[in-house]
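For reference, model.txt (compact mmCIF, C-alpha atoms):
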# COMPACT_ATOMS: atom_id res chain seq x y z
CA MET A 1 -11.11 -6.63 9.50
CA ALA A 2 -8.84 -6.49 6.45
CA ASN A 3 -5.06 -6.16 6.79
CA LEU A 4 -2.63 -4.49 4.44
CA ASN A 5 1.17 -4.57 4.51
CA LYS A 6 2.42 -2.64 1.47
CA VAL A 7 5.41 -0.30 1.15
CA PHE A 8 6.42 2.01 -1.72
CA LEU A 9 9.84 3.68 -1.45
CA MET A 10 11.81 5.91 -3.78
CA GLY A 11 15.32 6.90 -2.80
CA ASN A 12 19.02 6.37 -3.37
CA LEU A 13 21.13 3.34 -2.48
CA THR A 14 23.33 3.98 0.56
CA ARG A 15 25.75 1.16 -0.31
CA ASP A 16 26.42 -1.33 -3.07
CA PRO A 17 23.94 -4.23 -3.01
CA GLU A 18 25.31 -7.31 -1.25
CA ILE A 19 24.32 -10.63 -2.84
CA ARG A 20 24.50 -14.05 -1.22
CA TYR A 21 22.98 -17.41 -2.05
CA THR A 22 21.05 -19.81 0.16
CA GLN A 23 22.04 -23.48 0.31
CA GLY A 24 19.19 -24.11 -2.11
CA GLY A 25 20.68 -21.65 -4.63
CA THR A 26 18.23 -18.76 -4.13
CA ALA A 27 19.80 -15.33 -4.52
CA VAL A 28 19.36 -12.95 -1.55
CA THR A 29 20.37 -9.30 -1.99
CA ARG A 30 20.53 -6.80 0.86
CA LEU A 31 20.69 -3.07 0.22
CA GLY A 32 20.06 0.21 2.00
CA ILE A 33 17.92 3.07 0.71
CA ALA A 34 18.02 6.68 1.89
CA VAL A 35 14.64 8.42 1.61
CA ASN A 36 14.55 12.20 2.03
CA ARG A 37 11.72 14.35 3.35
CA ARG A 38 11.83 18.15 3.12
CA TYR A 39 9.58 20.13 5.46
CA LYS A 40 9.23 23.65 6.79
CA ASP A 41 9.88 23.96 10.52
CA PRO A 42 6.93 25.98 11.89
CA GLY A 43 9.01 27.36 14.80
CA THR A 44 11.88 28.77 12.74
CA ASP A 45 10.16 29.09 9.34
CA GLN A 46 13.24 27.35 7.85
CA TRP A 47 13.28 24.39 5.46
CA LYS A 48 14.76 21.22 6.96
CA ASP A 49 15.68 17.86 5.51
CA GLN A 50 15.01 14.57 7.26
CA VAL A 51 16.67 11.41 5.97
CA ASP A 52 15.42 7.92 6.77
CA PHE A 53 17.70 4.94 6.16
CA ILE A 54 15.81 1.76 5.31
CA ASP A 55 17.16 -1.77 4.96
CA VAL A 56 15.74 -3.77 2.05
CA VAL A 57 16.06 -7.45 1.14
CA MET A 58 15.09 -9.07 -2.19
CA PHE A 59 15.06 -12.70 -3.29
CA GLY A 60 15.41 -14.65 -6.55
CA ARG A 61 16.27 -13.43 -10.03
CA ARG A 62 15.32 -9.84 -9.22
CA ALA A 63 17.89 -9.91 -6.43
CA GLU A 64 20.55 -10.85 -8.99
CA VAL A 65 19.46 -8.04 -11.33
CA ILE A 66 19.65 -5.43 -8.56
CA SER A 67 23.10 -6.69 -7.57
CA GLU A 68 24.29 -6.53 -11.17
CA TYR A 69 22.90 -3.15 -12.28
CA PHE A 70 22.73 -0.97 -9.15
CA ARG A 71 25.51 0.74 -7.21
CA LYS A 72 25.76 3.12 -4.25
CA GLY A 73 24.01 6.42 -5.01
CA ASN A 74 21.72 5.06 -7.76
CA PRO A 75 18.05 6.01 -7.49
CA ILE A 76 15.54 3.16 -7.19
CA PHE A 77 11.82 2.62 -6.68
CA VAL A 78 10.94 -0.37 -4.48
CA GLU A 79 7.59 -1.99 -3.81
CA GLY A 80 7.29 -4.55 -1.03
CA ARG A 81 6.16 -5.33 2.51
CA LEU A 82 7.42 -4.78 6.04
CA SER A 83 8.92 -7.74 7.85
CA PHE A 84 10.03 -7.97 11.48
CA ARG A 85 12.96 -10.35 11.86
CA THR A 86 14.53 -11.64 15.10
CA TRP A 87 17.65 -13.75 15.60
CA ASP A 88 20.22 -14.73 18.23
CA THR A 89 23.84 -13.65 17.85
CA PRO A 90 26.70 -16.11 18.47
CA ALA A 91 27.22 -14.28 21.79
CA GLY A 92 23.66 -15.19 22.79
CA GLU A 93 22.14 -11.71 22.39
CA ARG A 94 18.64 -11.39 20.98
CA ARG A 95 18.48 -9.00 18.00
CA SER A 96 15.58 -7.74 15.92
CA LYS A 97 15.11 -5.62 12.83
CA LEU A 98 12.26 -4.14 10.82
CA GLU A 99 13.07 -4.30 7.11
CA VAL A 100 11.36 -4.13 3.74
CA VAL A 101 11.07 -7.34 1.74
CA ALA A 102 11.03 -6.05 -1.83
CA GLU A 103 8.70 -7.77 -4.25
CA ASN A 104 9.31 -5.47 -7.21
CA PHE A 105 11.53 -2.56 -8.25
CA GLU A 106 11.92 -0.02 -11.04
CA PHE A 107 14.95 1.64 -12.55
CA ILE A 108 14.53 5.40 -12.16
CA GLY A 109 16.73 8.24 -13.31
CA GLY A 110 19.36 7.83 -15.98
CA ARG A 111 22.37 5.62 -16.12
CA GLY A 112 25.91 6.27 -14.97
CA PRO A 113 26.63 8.58 -12.04
CA GLY A 114 23.49 9.09 -9.98
CA GLY A 115 21.18 6.78 -11.90
CA GLY A 116 20.59 3.21 -13.08
CA SER A 117 23.74 1.35 -14.04
CA ASP A 118 26.92 2.03 -15.95
CA ALA A 119 26.36 1.65 -19.68
CA GLY A 120 27.52 3.37 -22.81
CA PRO A 121 26.75 6.91 -23.92
CA GLY A 122 23.10 7.85 -23.99
CA ALA A 123 21.92 4.84 -22.03
CA GLY A 124 18.82 5.49 -20.00
CA ARG A 125 17.60 8.35 -22.18
CA ALA A 126 14.02 8.16 -23.30
CA ALA A 127 13.79 7.25 -26.99
CA PRO A 128 11.93 9.58 -29.32
CA ALA A 129 8.35 8.58 -30.09
CA GLY A 130 8.18 5.61 -32.44
CA GLU A 131 11.74 4.48 -31.72
CA ALA A 132 12.94 1.85 -29.31
CA PRO A 133 15.89 2.77 -27.07
CA ALA A 134 19.38 2.03 -28.33
CA SER A 135 21.29 -0.73 -26.60
CA GLY A 136 24.96 -1.64 -26.52
CA GLY A 137 26.86 -1.46 -29.77
CA GLY A 138 24.07 -1.39 -32.36
CA THR A 139 20.91 0.50 -33.06
CA ARG A 140 17.45 -0.80 -32.42
CA GLU A 141 14.81 -0.23 -35.06
CA ALA A 142 11.16 0.55 -34.33
CA ASP A 143 10.24 -3.04 -35.27
CA GLY A 144 12.61 -4.38 -32.59
CA SER A 145 15.35 -5.59 -34.96
CA SER A 146 18.96 -4.61 -34.33
CA GLU A 147 21.59 -3.47 -36.77
CA GLY A 148 25.14 -2.23 -36.78
CA GLY A 149 27.83 -2.78 -34.21
CA GLY A 150 29.62 0.49 -34.13
CA SER A 151 29.50 3.57 -31.99
CA GLN A 152 26.29 5.40 -31.22
CA GLN A 153 27.96 8.81 -31.23
CA GLY A 154 26.26 11.32 -33.46
CA SER A 155 23.22 9.10 -34.07
CA GLU A 156 21.54 9.67 -30.71
CA LYS A 157 18.87 12.29 -30.35
CA GLU A 158 18.25 14.20 -27.13
CA THR A 159 14.62 14.35 -26.09
CA SER A 160 13.22 17.62 -24.88
CA LYS A 161 10.46 16.13 -22.82
CA GLU A 162 11.37 15.00 -19.30
CA GLU A 163 10.09 11.51 -18.56
CA THR A 164 10.77 9.12 -15.74
CA PRO A 165 12.29 6.12 -17.50
CA SER A 166 11.13 2.67 -16.47
CA TYR A 167 12.98 -0.55 -17.13
CA ASP A 168 11.56 -0.33 -20.69
CA ASP A 169 13.82 2.72 -21.27
CA SER A 170 16.88 1.10 -19.71
CA GLY A 171 18.40 -0.19 -22.93
CA LEU A 172 18.12 -3.81 -21.79
CA SER A 173 16.85 -6.44 -24.20
CA ASP A 174 13.85 -8.56 -23.25
CA SER A 175 16.14 -11.52 -22.52
CA GLU A 176 18.09 -9.46 -19.94
CA VAL A 177 15.06 -8.35 -17.92
CA PRO A 178 13.83 -11.20 -15.68
CA PHE A 179 10.21 -10.06 -15.38
Rewritten as structure tokens:
Amino acid sequence: MANLNKVFLMGNLTRDPEIRYTQGGTAVTRLGIAVNRRYKDPGTDQWKDQVDFIDVVMFGRRAEVISEYFRKGNPIFVEGRLSFRTWDTPAGERRSKLEVVAENFEFIGGRGPGGGSDAGPGAGRAAPAGEAPASGGGTREADGSSEGGGSQQGSEKETSKEETPSYDDSGLSDSEVPF
């Protein structure tokens, strides 16, 4: 019989990611995600919200990226597996926890309050067709080259179509994205 242990979660961070390093130098980031479910109570015919709080752990370079770019309240998509962990406290008590070991993640939403990370104006907006997203202090041409170093004000275009940005729309250069 085949086995499958795969988890997909989309929610908001309940706290700032906490990064630590193992003795071997591997980054370990712990974070919490709140996942909401809205349902109609058949007894009262009223809509109710249920919130699940899920602990997530991530390792390596991706753990460093999450710690650097995400803050409490930011939306995130996480892909990973369930892991049951047990340990003994210094007082001798046996503890256990079911958590998600994240293997991948995606930036979702915009940047700034309620989405992605804190960057300059217009960060996280989807670029118009044929244009690469602007990053930092210059503009990015369709061929990938950068120019300028001044402000982006007045040169940014709002897009009318609603898209869910991925890390490609985050304004990060290829050298800043570890995967």
Quiz item: Contacts of Arg37 (chain A) at 10 Å or less, counting only C-alpha atoms, minus same-chain residues fewer than 2 places along, as an NGL selection string?
Solution: :A and (35 or 39 or 48-52)
Exercise. Do a neighbour search on Thr29 (chain A) at 6 Å with all atoms listed in the file, toss out local chain neighbours closer than 2 positions, and write the hits as a PyMOL selection string.
Key: chain A and resi 18-19+57-58+63
For the selection just defined, write its residues with C-alpha atoms to a file, as a PDB file, in the coordinates of the input.
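Written output follows (part.pdb):
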ATOM      1  CA  GLU A  18      25.310  -7.310  -1.250  1.00  0.00           C
ATOM      2  CA  ILE A  19      24.320 -10.630  -2.840  1.00  0.00           C
ATOM      3  CA  VAL A  57      16.060  -7.450   1.140  1.00  0.00           C
ATOM      4  CA  MET A  58      15.090  -9.070  -2.190  1.00  0.00           C
ATOM      5  CA  ALA A  63      17.890  -9.910  -6.430  1.00  0.00           C
TER       6      ALA A  63
END
Quiz item: Of the candidates A:Asp88, A:Glu79, A:Asp55, A:Glu68, which shows the shortest atom-to-atom distance to Asn104 (chain A), using all atoms listed in the file?
Solution: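 Looking at the shortest contact to Asn104 (chain A), the residue is A:Glu79.
Comparing A:Thr89, A:Ser83, A:Ser96, A:Gln23 by their smallest distance to Asn5 (chain A), the closest is A:Ser83 (using only C-alpha atoms).
From CA of Trp87 (chain A) back to CA of Lys72 (chain A), the distance works out to 27.3 Å.
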Quiz prompt | Pairwise distance for CA of Leu82 (chain A) and CA of Gly109 (chain A), rounded to one decimal in Å | solution =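 Separating CA of Leu82 (chain A) from CA of Gly109 (chain A) is a distance of 25.1 Å.
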Self-check item: Nearby residues (only C-alpha atoms) at most 7 Å from Thr14 (chain A), same-chain spacing under 5 positions excluded, as a PyMOL selection string
Solution: chain A and resi 32-34+72-73
Just write the chosen residues, C-alpha atoms, as a CSV table (one decimal), in the frame of the given file.
chain,number,residue,atom,x,y,z
A,32,GLY,CA,20.1,0.2,2.0
A,33,ILE,CA,17.9,3.1,0.7
A,34,ALA,CA,18.0,6.7,1.9
A,72,LYS,CA,25.8,3.1,-4.2
A,73,GLY,CA,24.0,6.4,-5.0
Exercise. Mind giving me the straight-line distance from CA of Val65 (chain A) to CA of Leu4 (chain A) in Å, one decimal?
Key: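 Going from CA of Val65 (chain A) over to CA of Leu4 (chain A) covers 27.4 Å.
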Output requested as a compact mmCIF listing (two decimals), keeping the file's coordinate frame - region 41-55 of chain A, filled out with N, CA and C atoms.
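Written output follows (out_13.txt):
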# COMPACT_ATOMS: atom_id res chain seq x y z
N ASP A 41 10.00 23.94 9.07
CA ASP A 41 9.88 23.96 10.52
C ASP A 41 9.00 25.14 10.91
N PRO A 42 7.84 24.88 11.56
CA PRO A 42 6.93 25.98 11.89
C PRO A 42 7.51 26.94 12.92
N GLY A 43 8.43 26.50 13.78
CA GLY A 43 9.01 27.36 14.80
C GLY A 43 10.01 28.35 14.25
N THR A 44 10.83 27.91 13.28
CA THR A 44 11.88 28.77 12.74
C THR A 44 11.58 29.28 11.33
N ASP A 45 10.54 28.74 10.72
CA ASP A 45 10.16 29.09 9.34
C ASP A 45 11.29 28.77 8.36
N GLN A 46 12.13 27.78 8.69
CA GLN A 46 13.24 27.35 7.85
C GLN A 46 12.92 25.97 7.26
N TRP A 47 13.43 25.71 6.06
CA TRP A 47 13.28 24.39 5.46
C TRP A 47 14.30 23.45 6.06
N LYS A 48 13.87 22.24 6.39
CA LYS A 48 14.76 21.22 6.96
C LYS A 48 14.61 19.93 6.17
N ASP A 49 15.69 19.16 6.17
CA ASP A 49 15.68 17.86 5.51
C ASP A 49 15.78 16.76 6.57
N GLN A 50 14.96 15.75 6.40
CA GLN A 50 15.01 14.57 7.26
C GLN A 50 15.32 13.38 6.37
N VAL A 51 16.28 12.58 6.75
CA VAL A 51 16.67 11.41 5.97
C VAL A 51 16.37 10.16 6.79
N ASP A 52 15.67 9.22 6.16
CA ASP A 52 15.42 7.92 6.77
C ASP A 52 16.23 6.87 6.01
N PHE A 53 16.91 5.99 6.75
CA PHE A 53 17.70 4.94 6.16
C PHE A 53 16.96 3.62 6.36
N ILE A 54 16.67 2.94 5.27
CA ILE A 54 15.81 1.76 5.31
C ILE A 54 16.56 0.57 4.72
N ASP A 55 16.55 -0.54 5.45
CA ASP A 55 17.16 -1.77 4.96
C ASP A 55 16.14 -2.54 4.13
